[in-house]
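Structure data follow from upload-v5.csv (CSV, C-alpha atoms):
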```csv
chain,number,residue,atom,x,y,z
A,1234,MET,CA,-10.8,31.4,-3.1
A,1235,ASP,CA,-11.2,30.3,0.5
A,1236,ASN,CA,-12.2,26.9,-0.8
A,1237,LEU,CA,-9.0,26.5,-2.8
A,1238,VAL,CA,-6.9,27.5,0.2
A,1239,TRP,CA,-8.7,25.0,2.3
A,1240,ILE,CA,-8.2,22.2,-0.3
A,1241,PHE,CA,-4.5,23.0,-0.4
A,1242,ILE,CA,-3.8,23.2,3.3
A,1243,SER,CA,-6.0,20.2,4.0
A,1244,ALA,CA,-4.1,18.0,1.5
A,1245,LEU,CA,-0.7,19.4,2.6
A,1246,LEU,CA,-1.0,19.1,6.4
A,1247,VAL,CA,-4.3,18.1,7.9
A,1248,ASN,CA,-5.1,15.1,5.7
A,1249,ASN,CA,-1.5,14.4,4.6
A,1250,PHE,CA,-1.5,11.6,2.1
A,1251,VAL,CA,1.3,9.6,3.7
A,1252,LEU,CA,0.7,10.2,7.4
A,1253,SER,CA,-3.1,10.1,7.6
A,1254,TYR,CA,-4.3,8.3,4.4
A,1255,PHE,CA,-1.3,5.8,4.3
A,1256,LEU,CA,-0.9,6.4,0.6
A,1257,GLY,CA,2.6,6.1,-1.0
A,1258,LEU,CA,4.1,4.2,1.9
A,1259,CYS,CA,6.4,2.0,-0.3
A,1260,PRO,CA,8.5,5.0,-1.4
A,1261,PHE,CA,8.0,6.5,2.0
A,1262,PHE,CA,9.9,3.7,3.6
A,1263,GLY,CA,11.9,2.6,0.6
A,1264,VAL,CA,13.4,5.8,-0.7
A,1265,SER,CA,13.6,7.9,2.5
A,1266,GLY,CA,17.1,6.9,3.4
A,1267,LYS,CA,18.7,10.1,2.0
A,1268,LEU,CA,17.4,13.6,2.0
A,1269,GLU,CA,18.3,14.5,-1.5
A,1270,THR,CA,16.7,11.4,-3.2
A,1271,ALA,CA,13.6,11.9,-1.0
A,1272,LEU,CA,13.3,15.5,-2.3
A,1273,ARG,CA,13.7,14.5,-5.9
A,1274,LEU,CA,11.2,11.7,-5.7
A,1275,GLY,CA,8.7,14.0,-4.0
A,1276,LEU,CA,9.0,16.6,-6.7
A,1277,ALA,CA,8.7,14.0,-9.5
A,1278,SER,CA,5.5,12.7,-7.9
A,1279,THR,CA,4.1,16.2,-7.5
A,1280,PHE,CA,4.7,16.8,-11.2
A,1281,VAL,CA,3.0,13.5,-12.2
A,1282,MET,CA,0.1,14.3,-9.9
A,1283,LEU,CA,-0.4,17.7,-11.7
A,1284,ILE,CA,-0.5,16.0,-15.1
A,1285,THR,CA,-2.8,13.2,-13.8
A,1286,ALA,CA,-5.1,15.8,-12.4
A,1287,LEU,CA,-5.5,17.2,-15.9
A,1288,CYS,CA,-6.0,13.8,-17.6
A,1289,THR,CA,-8.4,12.4,-15.0
A,1290,TRP,CA,-10.5,15.6,-15.1
A,1291,PHE,CA,-10.8,15.3,-18.8
A,1292,LEU,CA,-11.6,11.5,-18.7
A,1293,ASN,CA,-14.1,12.0,-15.9
A,1294,THR,CA,-16.0,14.9,-17.5
A,1295,TYR,CA,-16.1,13.7,-21.1
A,1296,ILE,CA,-15.7,9.9,-21.2
A,1297,LEU,CA,-16.5,8.2,-18.0
A,1298,ILE,CA,-20.0,9.6,-17.9
A,1299,TYR,CA,-20.8,7.0,-20.6
A,1300,ALA,CA,-19.0,4.1,-19.0
A,1301,PRO,CA,-18.5,4.5,-15.2
A,1302,TYR,CA,-17.4,0.9,-14.7
A,1303,LEU,CA,-14.2,1.6,-16.7
A,1304,LYS,CA,-13.0,4.1,-14.1
A,1305,ILE,CA,-10.3,2.0,-12.3
A,1306,ILE,CA,-8.9,0.5,-15.5
A,1307,SER,CA,-8.8,3.8,-17.5
A,1308,PHE,CA,-7.2,5.6,-14.6
A,1309,ILE,CA,-4.4,3.1,-14.1
A,1310,VAL,CA,-3.7,3.0,-17.9
A,1311,VAL,CA,-3.7,6.8,-18.1
A,1312,ILE,CA,-1.3,7.1,-15.2
A,1313,ALA,CA,1.0,4.4,-16.6
A,1314,SER,CA,1.1,6.0,-20.0
A,1315,THR,CA,1.4,9.6,-18.6
A,1316,VAL,CA,4.5,8.5,-16.6
A,1317,GLN,CA,6.0,6.9,-19.6
A,1318,PHE,CA,5.2,10.0,-21.7
A,1319,VAL,CA,6.6,12.4,-19.2
A,1320,GLU,CA,9.7,10.3,-19.0
A,1321,MET,CA,10.3,10.6,-22.7
A,1322,VAL,CA,9.6,14.3,-22.8
A,1323,ILE,CA,12.0,15.0,-20.0
A,1324,LYS,CA,14.6,12.8,-21.5
A,1325,LYS,CA,14.4,14.8,-24.8
A,1326,PHE,CA,14.2,18.3,-23.5
A,1327,SER,CA,16.2,18.2,-20.3
A,1328,PRO,CA,18.7,15.4,-20.0
A,1329,ALA,CA,20.0,16.9,-16.8
A,1330,LEU,CA,16.6,16.6,-15.0
A,1331,PHE,CA,16.2,13.1,-16.5
A,1332,ARG,CA,19.4,12.0,-14.9
A,1333,ALA,CA,18.5,13.6,-11.6
A,1334,LEU,CA,15.1,11.8,-11.5
A,1335,GLY,CA,16.6,8.6,-12.8
A,1336,ILE,CA,14.8,5.4,-11.8
A,1337,TYR,CA,12.2,7.3,-9.7
A,1338,LEU,CA,10.0,8.2,-12.7
A,1339,PRO,CA,9.0,4.7,-13.7
A,1340,LEU,CA,8.5,3.7,-10.0
A,1341,ILE,CA,5.9,6.4,-9.7
A,1342,THR,CA,3.5,4.3,-11.8
A,1343,THR,CA,2.9,1.9,-9.0
A,1344,ASN,CA,2.8,4.6,-6.3
A,1345,CYS,CA,-0.6,4.4,-4.8
A,1346,ALA,CA,-0.5,8.1,-3.9
A,1347,ILE,CA,-1.1,8.9,-7.6
A,1348,LEU,CA,-4.0,6.6,-8.2
A,1349,GLY,CA,-5.4,7.5,-4.7
A,1350,PHE,CA,-5.2,11.1,-5.6
A,1351,ALA,CA,-7.1,10.6,-8.9
A,1352,ILE,CA,-9.8,8.6,-7.1
A,1353,PHE,CA,-10.2,11.1,-4.3
A,1354,ALA,CA,-10.3,14.0,-6.7
A,1355,THR,CA,-13.1,12.4,-8.8
A,1356,ASN,CA,-15.0,11.1,-5.8
A,1357,ARG,CA,-15.1,14.6,-4.3
A,1358,GLY,CA,-16.2,16.0,-7.6
A,1359,TYR,CA,-13.4,18.5,-7.9
A,1360,GLY,CA,-13.3,20.7,-11.0
A,1361,LEU,CA,-10.2,21.4,-13.1
A,1362,LEU,CA,-8.8,24.3,-10.9
A,1363,GLU,CA,-9.7,22.5,-7.6
A,1364,GLY,CA,-8.0,19.3,-9.0
A,1365,LEU,CA,-4.8,21.2,-9.8
A,1366,VAL,CA,-4.7,22.8,-6.4
A,1367,PHE,CA,-5.4,19.5,-4.8
A,1368,ALA,CA,-2.5,18.0,-6.8
A,1369,LEU,CA,-0.2,20.7,-5.6
A,1370,GLY,CA,-1.2,20.2,-2.0
A,1371,ALA,CA,-1.1,16.4,-2.1
A,1372,GLY,CA,2.3,16.4,-3.9
A,1373,GLY,CA,3.6,19.0,-1.5
A,1374,GLY,CA,2.4,16.9,1.5
A,1375,PHE,CA,4.0,13.8,0.1
A,1376,THR,CA,7.3,15.6,-0.4
A,1377,LEU,CA,7.1,17.1,3.0
A,1378,ALA,CA,6.5,13.8,4.7
A,1379,LEU,CA,9.3,12.1,2.7
A,1380,VAL,CA,11.8,14.8,3.5
A,1381,LEU,CA,10.9,14.9,7.2
A,1382,MET,CA,11.2,11.1,7.3
A,1383,ALA,CA,14.6,11.1,5.5
A,1384,GLY,CA,16.0,13.7,7.9
A,1385,LEU,CA,14.8,11.7,10.9
A,1386,ARG,CA,16.3,8.5,9.5
A,1387,GLU,CA,19.6,10.2,8.8
A,1388,GLU,CA,19.8,11.2,12.4
A,1389,ASN,CA,18.6,7.8,13.5
A,1390,GLU,CA,21.5,6.1,11.7
A,1391,LEU,CA,23.9,7.8,14.2
A,1392,SER,CA,22.0,6.9,17.3
A,1393,ASN,CA,22.1,3.8,19.4
A,1394,VAL,CA,19.1,1.7,18.5
A,1395,PRO,CA,18.5,-1.8,20.0
A,1396,PRO,CA,19.4,-4.4,17.4
A,1397,LEU,CA,15.9,-5.9,17.4
A,1398,MET,CA,14.3,-2.5,16.4
A,1399,LYS,CA,16.6,-1.8,13.5
A,1400,GLY,CA,15.1,-1.5,10.0
A,1401,THR,CA,11.4,-1.4,9.3
A,1402,ALA,CA,10.1,-1.6,12.9
A,1403,MET,CA,12.0,1.5,13.8
A,1404,SER,CA,10.9,3.4,10.7
A,1405,LEU,CA,7.3,2.5,11.4
A,1406,ILE,CA,7.5,3.8,15.0
A,1407,ILE,CA,9.2,7.0,13.8
A,1408,ALA,CA,6.3,7.3,11.2
A,1409,GLY,CA,3.8,6.8,14.0
A,1410,ILE,CA,5.2,9.6,16.0
A,1411,LEU,CA,5.4,11.9,13.0
A,1412,SER,CA,1.8,11.0,12.3
A,1413,LEU,CA,0.9,11.9,15.8
A,1414,ALA,CA,2.5,15.3,15.4
A,1415,PHE,CA,0.6,15.9,12.1
A,1416,MET,CA,-2.7,15.2,13.9
A,1417,GLY,CA,-2.1,18.5,15.7
A,1418,PHE,CA,-2.8,20.3,12.4
A,1419,ALA,CA,-6.4,19.1,12.6
A,1420,GLY,CA,-7.0,22.0,15.0
A,1421,LEU,CA,-5.9,24.6,12.4
A,1422,PHE,CA,-9.4,25.2,10.9
A,1423,SER,CA,-11.7,24.5,13.8
A,1424,SER,CA,-11.8,28.1,15.1
B,1070,MET,CA,4.4,-37.7,-10.2
B,1071,PRO,CA,1.1,-36.5,-8.7
B,1072,THR,CA,2.2,-36.8,-5.1
B,1073,ASN,CA,5.2,-34.6,-5.8
B,1074,VAL,CA,3.0,-31.9,-7.4
B,1075,ASN,CA,0.6,-32.1,-4.4
B,1076,ALA,CA,3.4,-31.7,-1.9
B,1077,ASN,CA,4.7,-28.7,-3.9
B,1078,ALA,CA,1.3,-27.1,-4.0
B,1079,TYR,CA,0.9,-27.6,-0.3
B,1080,ASP,CA,4.3,-26.1,0.3
B,1081,GLU,CA,3.5,-23.0,-1.9
B,1082,PHE,CA,0.3,-22.6,0.1
B,1083,ILE,CA,2.0,-22.8,3.5
B,1084,LYS,CA,4.9,-20.5,2.4
B,1085,GLY,CA,2.5,-17.6,1.9
B,1086,ILE,CA,0.9,-17.9,5.3
B,1087,TRP,CA,3.9,-18.1,7.5
B,1088,ARG,CA,7.5,-18.3,6.1
B,1089,GLU,CA,7.0,-15.6,3.5
B,1090,ASN,CA,4.0,-13.8,4.9
B,1091,PRO,CA,3.5,-10.8,2.6
B,1092,VAL,CA,3.0,-8.4,5.4
B,1093,PHE,CA,5.0,-9.5,8.4
B,1094,VAL,CA,8.0,-11.0,6.6
B,1095,GLN,CA,8.2,-9.3,3.2
B,1096,VAL,CA,6.7,-5.9,4.5
B,1097,LEU,CA,4.7,-5.4,1.2
B,1098,ALA,CA,1.3,-3.9,0.7
B,1099,MET,CA,1.5,-1.5,3.6
B,1100,CYS,CA,-0.9,1.1,2.3
B,1101,PRO,CA,-4.1,-1.0,2.5
B,1102,MET,CA,-2.7,-2.8,5.5
B,1103,LEU,CA,-2.7,0.3,7.6
B,1104,ALA,CA,-5.5,2.3,6.1
B,1105,VAL,CA,-8.4,-0.1,6.6
B,1106,THR,CA,-7.4,-1.9,9.7
B,1107,ASN,CA,-9.3,0.3,12.2
B,1108,SER,CA,-11.9,-2.4,12.7
B,1109,ALA,CA,-11.9,-6.2,12.3
B,1110,VAL,CA,-14.8,-6.2,9.9
B,1111,ASN,CA,-13.2,-3.7,7.5
B,1112,ALA,CA,-9.9,-5.6,7.7
B,1113,LEU,CA,-11.6,-8.9,6.9
B,1114,ALA,CA,-13.6,-7.4,3.9
B,1115,MET,CA,-10.4,-5.8,2.5
B,1116,GLY,CA,-8.5,-9.0,3.0
B,1117,LEU,CA,-11.1,-11.1,1.2
B,1118,ALA,CA,-11.3,-8.6,-1.7
B,1119,THR,CA,-7.6,-8.7,-2.1
B,1120,PHE,CA,-7.7,-12.5,-1.9
B,1121,PHE,CA,-10.2,-12.6,-4.7
B,1122,VAL,CA,-8.3,-10.3,-7.0
B,1123,LEU,CA,-5.0,-12.1,-6.4
B,1124,LEU,CA,-6.5,-15.5,-7.0
B,1125,GLY,CA,-8.3,-14.4,-10.2
B,1126,SER,CA,-5.4,-12.5,-11.7
B,1127,SER,CA,-2.8,-15.2,-10.8
B,1128,THR,CA,-5.0,-17.9,-12.5
B,1129,LEU,CA,-5.4,-15.8,-15.6
B,1130,VAL,CA,-1.8,-14.7,-15.9
B,1131,SER,CA,-0.6,-18.3,-15.4
B,1132,LEU,CA,-3.1,-19.5,-18.1
B,1133,PHE,CA,-2.1,-16.9,-20.6
B,1134,LYS,CA,1.6,-16.7,-19.8
B,1135,SER,CA,2.7,-18.0,-23.2
B,1136,LEU,CA,0.5,-15.5,-25.0
B,1137,ILE,CA,1.6,-12.3,-23.2
B,1138,PRO,CA,4.6,-10.7,-24.9
B,1139,LYS,CA,7.5,-10.1,-22.6
B,1140,GLN,CA,7.9,-6.4,-23.4
B,1141,VAL,CA,4.4,-5.4,-22.3
B,1142,ARG,CA,3.8,-7.9,-19.6
B,1143,ILE,CA,3.6,-5.5,-16.8
B,1144,SER,CA,0.9,-3.4,-18.5
B,1145,CYS,CA,-1.0,-6.7,-19.3
B,1146,TYR,CA,-0.8,-7.7,-15.6
B,1147,VAL,CA,-2.0,-4.3,-14.5
B,1148,ILE,CA,-5.0,-4.4,-16.8
B,1149,ILE,CA,-5.9,-8.0,-15.7
B,1150,ILE,CA,-5.6,-6.9,-12.1
B,1151,ALA,CA,-7.7,-3.7,-12.7
B,1152,THR,CA,-10.5,-5.8,-14.2
B,1153,PHE,CA,-10.7,-8.1,-11.2
B,1154,VAL,CA,-10.6,-5.1,-8.9
B,1155,THR,CA,-13.5,-3.5,-10.7
B,1156,VAL,CA,-15.4,-6.8,-10.3
B,1157,ALA,CA,-14.5,-6.9,-6.6
B,1158,ASP,CA,-15.6,-3.3,-6.1
B,1159,TYR,CA,-19.0,-3.9,-7.6
B,1160,ILE,CA,-19.5,-7.2,-5.6
B,1161,LEU,CA,-18.7,-5.4,-2.3
B,1162,GLN,CA,-21.0,-2.5,-3.2
B,1163,ALA,CA,-23.8,-5.0,-3.9
B,1164,LEU,CA,-23.3,-7.3,-0.9
B,1165,ILE,CA,-22.2,-5.1,2.0
B,1166,PRO,CA,-22.7,-1.4,1.1
B,1167,GLU,CA,-21.9,-0.1,4.5
B,1168,VAL,CA,-18.5,-1.7,4.6
B,1169,HIS,CA,-17.9,-0.6,1.0
B,1170,LYS,CA,-18.6,3.0,1.9
B,1171,GLU,CA,-16.1,2.8,4.8
B,1172,LEU,CA,-13.4,1.3,2.7
B,1173,GLY,CA,-14.1,4.0,0.1
B,1174,ALA,CA,-11.2,4.7,-2.2
B,1175,PHE,CA,-9.1,1.8,-0.8
B,1176,VAL,CA,-11.0,-0.8,-2.8
B,1177,PRO,CA,-9.9,0.7,-6.2
B,1178,LEU,CA,-6.4,1.1,-4.7
B,1179,ILE,CA,-6.0,-2.7,-4.6
B,1180,VAL,CA,-4.8,-2.2,-8.2
B,1181,VAL,CA,-1.6,-0.8,-7.0
B,1182,ASN,CA,-1.1,-3.2,-4.2
B,1183,CYS,CA,2.5,-4.2,-4.8
B,1184,MET,CA,2.0,-7.7,-3.4
B,1185,ILE,CA,-0.4,-8.6,-6.2
B,1186,LEU,CA,1.8,-7.4,-9.1
B,1187,GLY,CA,4.8,-8.9,-7.3
B,1188,ARG,CA,3.2,-12.4,-7.3
B,1189,GLN,CA,2.3,-12.1,-11.0
B,1190,GLU,CA,5.9,-11.2,-11.9
B,1191,ALA,CA,7.7,-13.4,-9.5
B,1192,PHE,CA,5.5,-16.5,-9.5
B,1193,ALA,CA,2.3,-16.8,-11.7
B,1194,SER,CA,4.1,-15.9,-14.9
B,1195,LYS,CA,6.7,-18.7,-14.4
B,1196,HIS,CA,4.6,-21.6,-13.0
B,1197,PRO,CA,1.8,-23.9,-14.1
B,1198,VAL,CA,-1.8,-23.0,-13.1
B,1199,GLY,CA,-2.1,-25.4,-10.2
B,1200,LEU,CA,1.0,-24.0,-8.4
B,1201,ALA,CA,0.0,-20.4,-9.2
B,1202,ILE,CA,-3.4,-21.0,-7.6
B,1203,ALA,CA,-1.8,-22.6,-4.5
B,1204,ASP,CA,0.6,-19.7,-4.3
B,1205,ALA,CA,-2.1,-17.1,-4.7
B,1206,MET,CA,-4.3,-18.8,-2.1
B,1207,GLY,CA,-1.4,-18.9,0.4
B,1208,MET,CA,-0.4,-15.3,-0.1
B,1209,GLY,CA,-4.0,-14.1,-0.1
B,1210,PHE,CA,-4.7,-16.1,3.1
B,1211,GLY,CA,-1.5,-14.8,4.7
B,1212,PHE,CA,-2.4,-11.3,3.8
B,1213,THR,CA,-6.0,-11.6,5.1
B,1214,LEU,CA,-4.7,-13.1,8.3
B,1215,ALA,CA,-2.3,-10.3,8.8
B,1216,LEU,CA,-5.0,-7.7,8.1
B,1217,PHE,CA,-7.3,-9.5,10.5
B,1218,ILE,CA,-4.8,-9.6,13.3
B,1219,LEU,CA,-3.9,-5.9,13.0
B,1220,GLY,CA,-7.6,-5.0,12.6
B,1221,SER,CA,-8.8,-6.9,15.7
B,1222,VAL,CA,-5.9,-5.7,17.9
B,1223,ARG,CA,-6.6,-2.1,16.9
B,1224,GLU,CA,-10.3,-2.5,17.4
B,1225,ILE,CA,-9.9,-4.2,20.8
B,1226,LEU,CA,-7.5,-1.5,22.1
B,1227,GLY,CA,-9.1,1.5,20.5
B,1228,ASN,CA,-12.7,0.7,21.0
B,1229,GLY,CA,-12.9,-2.2,23.5
B,1230,SER,CA,-14.9,-4.3,21.0
B,1231,LEU,CA,-14.5,-7.0,18.4
B,1232,PHE,CA,-16.8,-7.1,15.4
B,1233,GLY,CA,-18.8,-4.4,17.1
B,1234,ILE,CA,-19.4,-6.4,20.3
B,1235,LEU,CA,-18.2,-4.7,23.4
B,1236,LEU,CA,-15.8,-6.9,25.3
B,1237,PHE,CA,-14.9,-5.2,28.5
B,1238,GLY,CA,-18.1,-3.7,29.9
B,1239,GLN,CA,-18.6,0.0,30.6
B,1240,HIS,CA,-15.5,0.8,32.6
B,1241,PHE,CA,-13.1,0.3,29.8
B,1242,GLU,CA,-11.3,3.5,28.7
B,1243,PRO,CA,-10.8,3.2,25.0
B,1244,TRP,CA,-7.3,4.0,23.7
B,1245,ILE,CA,-8.6,6.1,20.8
B,1246,VAL,CA,-5.2,6.8,19.2
B,1247,MET,CA,-5.1,3.1,18.1
B,1248,LEU,CA,-8.1,3.8,15.8
B,1249,LEU,CA,-6.4,6.9,14.3
B,1250,PRO,CA,-3.6,6.8,11.8
B,1251,PRO,CA,-0.7,7.0,14.2
B,1252,GLY,CA,-2.0,3.8,15.9
B,1253,GLY,CA,-1.7,1.9,12.7
B,1254,PHE,CA,2.0,2.8,12.3
B,1255,LEU,CA,2.8,2.1,15.9
B,1256,MET,CA,0.9,-1.2,16.1
B,1257,LEU,CA,2.5,-2.6,12.9
B,1258,GLY,CA,5.9,-1.5,14.3
B,1259,MET,CA,5.2,-3.4,17.5
B,1260,ILE,CA,4.1,-6.5,15.5
B,1261,LEU,CA,7.2,-6.4,13.4
B,1262,LEU,CA,9.3,-6.1,16.5
B,1263,PHE,CA,7.6,-9.2,17.9
B,1264,PHE,CA,8.4,-11.1,14.7
B,1265,ASN,CA,12.0,-10.0,14.8
B,1266,TRP,CA,12.1,-11.2,18.4
B,1267,LEU,CA,10.7,-14.6,17.4
B,1268,LYS,CA,13.2,-14.9,14.6
B,1269,GLU,CA,16.1,-14.0,16.8
B,1270,LYS,CA,15.0,-16.5,19.4
B,1271,LYS,CA,14.7,-19.3,16.8
B,1272,ASP,CA,18.1,-18.4,15.4
B,1273,LYS,CA,19.7,-18.6,18.8
B,1274,VAL,CA,18.1,-22.0,19.5
B,1275,ARG,CA,19.3,-23.3,16.1
B,1276,ALA,CA,22.9,-21.9,16.8
B,1277,ALA,CA,22.9,-23.6,20.2
B,1278,THR,CA,21.8,-27.0,18.9
B,1279,GLU,CA,24.4,-26.8,16.1
B,1280,LEU,CA,27.0,-26.0,18.6
B,1281,ALA,CA,25.9,-28.9,20.8
B,1282,THR,CA,26.0,-31.4,17.9
B,1283,MET,CA,29.4,-30.2,16.9
B,1284,GLU,CA,30.7,-30.7,20.5
B,1285,ILE,CA,29.3,-34.2,20.6
B,1286,SER,CA,30.8,-35.2,17.3
```
Write out the structure in this file as structure tokens.
Amino acid sequence: MDNLVWIFISALLVNNFVLSYFLGLCPFFGVSGKLETALRLGLASTFVMLITALCTWFLNTYILIYAPYLKIISFIVVIASTVQFVEMVIKKFSPALFRALGIYLPLITTNCAILGFAIFATNRGYGLLEGLVFALGAGGGFTLALVLMAGLREENELSNVPPLMKGTAMSLIIAGILSLAFMGFAGLFSS
Amino acid sequence: MPTNVNANAYDEFIKGIWRENPVFVQVLAMCPMLAVTNSAVNALAMGLATFFVLLGSSTLVSLFKSLIPKQVRISCYVIIIATFVTVADYILQALIPEVHKELGAFVPLIVVNCMILGRQEAFASKHPVGLAIADAMGMGFGFTLALFILGSVREILGNGSLFGILLFGQHFEPWIVMLLPPGGFLMLGMILLFFNWLKEKKDKVRAATELATMEIS
């Protein structure tokens, strides 16, 4: 039980995917303009991570033991088809949710946070339950970082920024400060 | 016209290094860019691995562009890229195991490097092999250069060394945060700021000369 809590907190705060592993930076800078879209993308990614956790666990335990060199190829194919499948299922059963997620679902395929998650989970030898908890933590951490960034950027729009700094340079420096703040969480478990 | 083709290829090559540098100008491929640039060696290894994957997949995509059906092209590109990444992963593991260990999960993550897929979709699938190779080499070299610059600056500031060789003697107080994640964000922000400044200066000079020529005429 302690182990599961540790995995969750570690992925959520201490080793946040975005702010300390630099995974999923494209959506982090691209889609973090508005709070609401940031939240939706974060939730969609978390959902895909959960399903990926199931699929990769299955692949890793039953298939990849025979052909370890297929790992990268099979993971990316599984993720791409999962995303497409999830998209179709949501479209069929909940058109409202589908409209809300909109273009973000297909974009998740090339989100390195998902593939990164799959590779971390298998490299660390997580079982099914640990993998699912890790997915929740990592997805939650991704959502948290995205929402925080979106909030900061909305505020930043209203402030007086030197023209040279506008755009990506400013976002990167905000992200740097946010990342510094998250480093504080490293002290959580030392005692 | 062979000279024309050569000039074009040269132009495609130079474009990737400077005018359309994938990192500093297009701001693509930030994940590997920031994650592995805590030392010059790691940055260089990552850059070369990406270079290899980009070159291989651009060549293959350009060769087979008439065979790949339009509807499933993205999946085909991804599988081609993933194959080359697997090869690069095994090569790195065989040649420099220590560096491979430090890069860890970030070698497989070259698959989702948006710069590589972007070049297939935007360039290699529409141009003949020669030009595609020139473009891939330019972009790959520009990417490696950018990684190397960021990696060496971070290593010099954060550890006082370059390629593991101490530069400043014993009295240097290392700026450790530069090696940690926040340092990556801050340093790339500073570099982009510098590029913005260069661009603005150039624009100002151009505007001034245009104004001068207008006054003369």
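In this model, the gap between atom CA of B:Glu1242 and atom CA of B:Gly1229 comes to 7.9 Å.
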Taking into account all atoms listed in the file, which residue in the set B:Asn1107, B:Ser1194, B:Thr1119, B:Thr1152 is nearest to B:Phe1133?
B:Ser1194
Only residues of chain B matter here; which ones have an atom within 10 Å of chain A, counting only C-alpha atoms? Give them as a PyMOL selection string.
chain B and resi 1096-1105+1144+1147-1156+1158-1159+1173-1183+1186+1246+1249-1266+1268-1269
Residues at most 9 Å from B:Leu1123, counting all atoms listed in the file, excluding those fewer than 4 positions away in the same chain, as a ChimeraX atom specification?
/B:1118-1119,1127-1128,1150,1153,1184-1186,1188-1189,1205-1206,1208-1209
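Atom CA of A:Ala1371 sits 7.6 Å away from atom CA of A:Phe1241.
When atom CA of A:Arg1357 is paired with atom CA of A:Pro1301, their separation reads 15.2 Å.
Restricting the calculation to all atoms listed in the file, the smallest distance between A:Ser1278 and any of A:Asn1236, A:Ser1327, A:Thr1315, A:Thr1355 is found for A:Thr1315.
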Residues around (2.5, 17.3, 3.4), cut-off 12 Å, counting all atoms listed in the file - what are they as an MDAnalysis selection string?
chainID A and resid 1241:1254 1256 1275 1279 1367:1382 1411:1412 1415:1416 1418
Within 12 Å of file point (9.3, 4.0, -12.6), counting all atoms listed in the file, expressed as a PyMOL selection string:
(chain A and resi 1260+1274+1277-1278+1281+1312-1320+1334-1344) or (chain B and resi 1143)
Dump C-alpha atoms for the selected residues as a tab-separated table (two decimals), keeping the file's coordinate frame?
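Printed below is selection-v9.tsv as written:
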```
chain	number	residue	atom	x	y	z
A	1260	PRO	CA	8.50	5.00	-1.40
A	1274	LEU	CA	11.20	11.70	-5.70
A	1277	ALA	CA	8.70	14.00	-9.50
A	1278	SER	CA	5.50	12.70	-7.90
A	1281	VAL	CA	3.00	13.50	-12.20
A	1312	ILE	CA	-1.30	7.10	-15.20
A	1313	ALA	CA	1.00	4.40	-16.60
A	1314	SER	CA	1.10	6.00	-20.00
A	1315	THR	CA	1.40	9.60	-18.60
A	1316	VAL	CA	4.50	8.50	-16.60
A	1317	GLN	CA	6.00	6.90	-19.60
A	1318	PHE	CA	5.20	10.00	-21.70
A	1319	VAL	CA	6.60	12.40	-19.20
A	1320	GLU	CA	9.70	10.30	-19.00
A	1334	LEU	CA	15.10	11.80	-11.50
A	1335	GLY	CA	16.60	8.60	-12.80
A	1336	ILE	CA	14.80	5.40	-11.80
A	1337	TYR	CA	12.20	7.30	-9.70
A	1338	LEU	CA	10.00	8.20	-12.70
A	1339	PRO	CA	9.00	4.70	-13.70
A	1340	LEU	CA	8.50	3.70	-10.00
A	1341	ILE	CA	5.90	6.40	-9.70
A	1342	THR	CA	3.50	4.30	-11.80
A	1343	THR	CA	2.90	1.90	-9.00
A	1344	ASN	CA	2.80	4.60	-6.30
B	1143	ILE	CA	3.60	-5.50	-16.80
```
Tell me, as a PyMOL selection string, which residues lie within 8 Å of A:Trp1290, counting only C-alpha atoms; anything in the same chain fewer than 2 positions away does not count.
chain A and resi 1286-1288+1292-1294+1355+1360-1361+1364
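Among the candidates A:Ala1271, A:Pro1395, A:Ile1284, A:Trp1239, the one nearest to A:Leu1421 when counting all atoms listed in the file is A:Trp1239.
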Need the shell around stretch 1217-1223 of chain B: protein/DNA/RNA residues with any atom at most 6 Å away, counting all atoms listed in the file. Skip same-chain ones fewer than 5 positions apart. Format as a VMD selection string?
chain B and resid 1106 to 1109 1112 to 1113 1247
Quick one: everything within 12 Å of B:His1196, counting only C-alpha atoms, minus sequence neighbours fewer than 4 positions away in the same chain. Send it as a VMD selection string.
chain B and resid 1074 1077 to 1078 1081 1127 to 1135 1188 to 1192 1200 to 1205
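Using all atoms listed in the file, the residues found no farther than 7 Å from B:Asn1228, other than those of its own chain fewer than 4 positions away, are Glu1224, Pro1243, Trp1244 and Ile1245 of chain B.
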